[in-house]
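Below: the structure, in structure tokens.
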Amino acid sequence: MTVRSIPEDRAMLCSGHAACPGCIDALTVRHVLAGVGADAIAVVPPSCMAIIAGPQPFSALKIPVYQPTLESSAAAASGLRRALDAQGRHSTTVVVLAGDGGTYDIGFQCLSSAAERNEDMLYCCLDNEGYMNTGAQKSSSTPRHAWTGSTPAGKTSRKKNLTEIMAAHNVPYVATASVAHLADLRRKVDKAMGLRGLRFLNLLIPCLDGWGLRDDAGLAAARLAVESGAFPLYEVEDGARWTVNSAKTRPVADYLALQGRYRHLTAEQVAALQDEIDAGWARLQRQASASAAPLAMPATPAVPADRAPAG
Ligand SMILES: Cc1ncc(C[n+]2csc(CCOP(=O)(O)OP(=O)(O)O)c2C)c(N)n1
Ligand code: SF4
Ligand SMILES: [Mg+2]
């Protein structure tokens with residue numbers, strides 16, 4: 001068995017789903033759910049993933065799906081967790097599959113408070129850097145200078161660094177990942193599944209339509225995002241131990257050139273984006289080297305006794 005193969009009993013996203021042809025949102029979720037397994041409930045707010053999962057009573061997912069409002073995924077997941085625990089179903093995973101608009105922006109308040117309470121859930125942000133299923137409007141995840149339907153001259157502010165914000169909540173596990181680096185993604189899902197408490201995965205999903213990509217360029221864009229350092233792969237345990245899992249091997253210009261949303265950029269704007277990425281990369285390296293020192297933070301908060309797995 002290779003990391004690419006998914007046994008039938010772990011294939012939780014079926015064919016016949018409604019993703020745009022070629023979109024790696026579906027591929028990403030297929031691999032995330034292969035790591036999560038059948039004993040799970042998905043929380044899917046309005047987003048591309050809600051469309052992909054399908055309209056009731058139809059579903060492309062083999063696990064139960066709860067669709068909350070756009071702003072309430074982490075609160076809905078907290079409630080489901082408590083209901084499952086009250087029934088003694090401690091081993092059932094609550095997995096959130098939300099977009100960046102529903103996570104960085106409108107759902108952030110309840111995500112932050114769920115993180116503060118260390119609610120036991122796997123929260124996955126499917127980050128396509130915009131409100132894509134409603135026609136590609138900007139979110140606070142959209143990078144500077146990118147075209148969107150609501151920033152026709154390019155976005156003027158930078159991408160919010162939600163991964164670092166989540167790490168600052170000192171939850172057990174926070175990581176970035178991409179299906180273009182599949183072994184790393186599957187390892188991170190497995191690692192998250194081995195922990196309790198709030199685990200947050202930020203997954204980059206190049207949007208074919210919103211980013212101006214060819215139908216077969218989703219994986220290439222994801223790979224270039226990592227290799228240019230625009231979307232570095234890293235993980236943070238207990239808010240304290242930072243590990244970088246990728247290398248920065250090419251200029252951001254290679255990544256930008258693939259995408260229609262950056263077609264209007266001047267050479268100065270490309271250079272400014274390169275400077276921004278270089279500064280972010282240097283900061284990440286400093287975090288990783290500083291956390292190689294002995295731990296100053298308490299270790300992973302224990303799951304409260306009344307919510308500990310049975311047996
Ligand atoms: C309060 C509220 N405002 C607006 C909407 C309309 N709406 C549904 S999905 C969506 C976009 C969500 O974007 P994101 O979370 O990034 O998911 P994506 O579509 O990009 O996967 C919007 C604006 C809504 N459902 N609820
Ligand atoms: S709108 Fe973009 S992110 Fe959404 S399914 Fe289509 S290609 Fe994928
Ligand atoms: Mg989005």
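Following the order of the structure tokens, chains are lettered A, B, ..., residues in each are numbered from 1, and ligands are numbered from 1.
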Per-residue nearest contacts of chain A to ligand 1 (8 Å; only C-alpha atoms and all ligand atoms) as a tab-separated table:
```
residue	atom	partner	partner_atom_place_in_ligand_line	distance
A:Pro45	CA	ligand 1	15 (O)	7.6
A:Pro46	CA	ligand 1	9 (S)	4.3
A:Ser47	CA	ligand 1	19 (O)	3.6
A:Cys48	CA	ligand 1	21 (O)	3.7
A:Met49	CA	ligand 1	21 (O)	5.9
A:Ala50	CA	ligand 1	21 (O)	7.9
A:Thr69	CA	ligand 1	26 (N)	6.3
A:Leu70	CA	ligand 1	26 (N)	4.9
A:Glu71	CA	ligand 1	1 (C)	6.4
A:Ala98	CA	ligand 1	15 (O)	6.1
A:Gly99	CA	ligand 1	15 (O)	3.4
A:Asp100	CA	ligand 1	16 (O)	4.0
A:Gly101	CA	ligand 1	15 (O)	3.4
A:Gly102	CA	ligand 1	15 (O)	3.8
A:Thr103	CA	ligand 1	15 (O)	6.5
A:Ile106	CA	ligand 1	1 (C)	7.4
A:Leu126	CA	ligand 1	21 (O)	6.8
A:Asp127	CA	ligand 1	16 (O)	6.8
A:Asn128	CA	ligand 1	20 (O)	5.7
A:Glu129	CA	ligand 1	16 (O)	6.7
A:Gly130	CA	ligand 1	16 (O)	5.0
A:Tyr131	CA	ligand 1	13 (O)	3.5
A:Met132	CA	ligand 1	20 (O)	3.7
A:Asn133	CA	ligand 1	19 (O)	3.8
A:Thr134	CA	ligand 1	11 (C)	5.4
A:Ala136	CA	ligand 1	20 (O)	7.3
A:Ser139	CA	ligand 1	16 (O)	6.9
```
Practice task
Could you give me, as a count of residues only, each residue of range 222-304 of chain A that DSSP assigns to strand (DSSP E or B) when run on this structure's backbone?
Solution key: 8
Distance filter 8 Å around ligand 2, atoms: only C-alpha atoms and all ligand atoms, out as a PDB file with C-alpha atoms, in the first residue's frame:
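This went into selection23.pdb:
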```
ATOM      1  CA  ALA A  18     -19.884  18.155  -7.133  1.00  0.00           C
ATOM      2  CA  ALA A  19     -16.409  19.764  -7.111  1.00  0.00           C
ATOM      3  CA  CYS A  20     -15.302  21.750 -10.158  1.00  0.00           C
ATOM      4  CA  PRO A  21     -13.487  19.199 -12.378  1.00  0.00           C
ATOM      5  CA  GLY A  22      -9.793  19.147 -11.399  1.00  0.00           C
ATOM      6  CA  CYS A  23     -10.214  20.953  -8.061  1.00  0.00           C
ATOM      7  CA  ILE A  24      -7.980  19.539  -5.335  1.00  0.00           C
ATOM      8  CA  ASP A  25     -10.473  20.416  -2.594  1.00  0.00           C
ATOM      9  CA  ALA A  26     -12.022  16.974  -3.118  1.00  0.00           C
ATOM     10  CA  SER A  47     -18.524  26.770   1.294  1.00  0.00           C
ATOM     11  CA  CYS A  48     -17.263  24.878  -1.736  1.00  0.00           C
ATOM     12  CA  MET A  49     -17.076  21.782   0.463  1.00  0.00           C
ATOM     13  CA  ILE A  51     -21.465  22.018  -2.510  1.00  0.00           C
ATOM     14  CA  ILE A  52     -19.006  19.153  -3.028  1.00  0.00           C
ATOM     15  CA  ASN A 128      -8.626  28.774  -1.149  1.00  0.00           C
ATOM     16  CA  MET A 132     -15.014  31.180  -3.843  1.00  0.00           C
ATOM     17  CA  ASN A 133     -18.366  29.433  -4.115  1.00  0.00           C
ATOM     18  CA  GLY A 135     -17.997  34.145  -6.986  1.00  0.00           C
ATOM     19  CA  ALA A 136     -14.472  34.828  -5.664  1.00  0.00           C
ATOM     20  CA  ILE A 205      -6.540  24.731  -1.942  1.00  0.00           C
ATOM     21  CA  PRO A 206      -5.719  26.612  -5.162  1.00  0.00           C
ATOM     22  CA  CYS A 207      -9.076  27.603  -6.672  1.00  0.00           C
ATOM     23  CA  LEU A 208      -9.048  26.970 -10.421  1.00  0.00           C
ATOM     24  CA  ASP A 209     -11.636  29.613 -11.182  1.00  0.00           C
ATOM     25  CA  GLY A 210     -10.804  32.223  -8.531  1.00  0.00           C
ATOM     26  CA  TRP A 211      -7.026  32.057  -9.026  1.00  0.00           C
TER      27      TRP A 211
END
```
Handout entry: Non-local contacts of Met12 in chain A (6 Å; only C-alpha atoms; under 4 positions in same chain excluded) as a PyMOL selection string
Key = chain A and resi 33+61-62
Handout entry: Counting only C-alpha atoms and all ligand atoms, the residue of A:Phe200, A:Phe58, A:Tyr66, A:Tyr104 that sits nearest ligand 3
Key = A:Tyr104
Handout entry: Per-residue DSSP, range 62-307 of chain A, filtered to helix (DSSP H, G or I), as a PyMOL selection string
Key = chain A and resi 73-86+101-105+108-116+162-167+179-193+208-211+218-227+252-257+260-262+267-291+305-307
Practice task
List the neighbours of Trp242 in chain A out to 12 Å using only C-alpha atoms; skip same-chain residues closer than 4 positions along the sequence, and give me the result as a VMD selection string.
Solution key: chain A and resid 163 to 164 167 to 168 170 172 to 176 233 to 238 283 to 293 295
Closest atom pairs, range 150-246 of chain A residues within 12 Å of range 73-80 of chain A, only C-alpha atoms, as JSON lines:
```
{"residue": "A:Gly197", "atom": "CA", "partner": "A:Ser78", "partner_atom": "CA", "distance": 10.8}
{"residue": "A:Leu198", "atom": "CA", "partner": "A:Ala74", "partner_atom": "CA", "distance": 10.0}
{"residue": "A:Arg199", "atom": "CA", "partner": "A:Ala74", "partner_atom": "CA", "distance": 11.6}
{"residue": "A:Phe200", "atom": "CA", "partner": "A:Ala74", "partner_atom": "CA", "distance": 11.1}
```
Take the selection from the previous step and output its residues with all heavy atoms, as an mmCIF file, in the first residue's frame.
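Generated file (result.cif):
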```
data_model
loop_
_atom_site.group_PDB
_atom_site.id
_atom_site.type_symbol
_atom_site.label_atom_id
_atom_site.label_comp_id
_atom_site.auth_asym_id
_atom_site.auth_seq_id
_atom_site.Cartn_x
_atom_site.Cartn_y
_atom_site.Cartn_z
ATOM 1 N N GLY A 197 -8.179 17.240 22.176
ATOM 2 C CA GLY A 197 -8.184 18.691 22.269
ATOM 3 C C GLY A 197 -8.323 19.296 20.876
ATOM 4 O O GLY A 197 -8.577 18.588 19.893
ATOM 5 N N LEU A 198 -8.141 20.597 20.785
ATOM 6 C CA LEU A 198 -8.357 21.247 19.490
ATOM 7 C C LEU A 198 -7.116 21.125 18.611
ATOM 8 O O LEU A 198 -6.035 21.581 18.966
ATOM 9 C CB LEU A 198 -8.756 22.719 19.646
ATOM 10 C CG LEU A 198 -9.409 23.257 18.361
ATOM 11 C CD1 LEU A 198 -10.549 24.204 18.691
ATOM 12 C CD2 LEU A 198 -8.427 23.891 17.421
ATOM 13 N N ARG A 199 -7.319 20.495 17.479
ATOM 14 C CA ARG A 199 -6.252 20.333 16.490
ATOM 15 C C ARG A 199 -6.668 21.089 15.241
ATOM 16 O O ARG A 199 -7.799 20.919 14.759
ATOM 17 C CB ARG A 199 -6.055 18.845 16.186
ATOM 18 C CG ARG A 199 -5.567 18.078 17.415
ATOM 19 C CD ARG A 199 -6.198 16.713 17.517
ATOM 20 N NE ARG A 199 -7.573 16.731 17.965
ATOM 21 C CZ ARG A 199 -8.441 15.738 17.778
ATOM 22 N NH1 ARG A 199 -8.095 14.654 17.153
ATOM 23 N NH2 ARG A 199 -9.685 15.841 18.229
ATOM 24 N N PHE A 200 -5.773 21.909 14.716
ATOM 25 C CA PHE A 200 -6.121 22.798 13.603
ATOM 26 C C PHE A 200 -5.192 22.553 12.423
ATOM 27 O O PHE A 200 -3.964 22.662 12.557
ATOM 28 C CB PHE A 200 -6.002 24.261 14.061
ATOM 29 C CG PHE A 200 -6.301 25.264 12.975
ATOM 30 C CD1 PHE A 200 -7.616 25.601 12.664
ATOM 31 C CD2 PHE A 200 -5.280 25.873 12.273
ATOM 32 C CE1 PHE A 200 -7.897 26.514 11.656
ATOM 33 C CE2 PHE A 200 -5.555 26.797 11.263
ATOM 34 C CZ PHE A 200 -6.870 27.115 10.960
#
```
Exercise for the section: Point out the residue among A:Gly16, A:Arg196, A:Glu276, A:Lys159 with the least atom-to-atom distance to His90 in chain A, counting only C-alpha atoms. Expected result: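 Among the listed residues, the smallest separation from His90 in chain A belongs to A:Arg196.
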Practice task
For CA of Ala42 in chain A and CA of Val95 in chain A, quote the distance in Å rounded to one decimal.
Solution key: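 Interatomic distance here is 4.9 Å.
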Exercise for the section: Find the distance between CA of Pro152 in chain A and CA of Tyr262 in chain A and write it in Å to one decimal. Expected result: 10.9 Å
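Nearest residue to ligand 3, choosing from A:Leu204, A:Leu185, A:Ala34, A:Leu111 and counting only C-alpha atoms and all ligand atoms: A:Leu204.
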Exercise for the section: Could you tell me how far CA of His31 in chain A lies from CA of Arg261 in chain A, in Å and to one decimal? Expected result: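 Between these atoms lies a distance of 27.7 Å.
Each of A:Val252, A:Val43, A:Ala86, A:Ala53 was checked against His17 in chain A using only C-alpha atoms; the smallest atom-to-atom distance is that of A:Ala53.
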Problem - Among listed residues A:Leu97, A:Ala11, A:Ala60, A:Val3, nearest ligand 3 (using only C-alpha atoms and all ligand atoms) - result: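 Result for the nearest residue to ligand 3: A:Leu97.
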Problem - Distance criterion (only C-alpha atoms and all ligand atoms): nearest to ligand 3 out of A:Val94, A:Cys125, A:Ala282, A:Val189 - result: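 Result for the nearest residue to ligand 3: A:Cys125.
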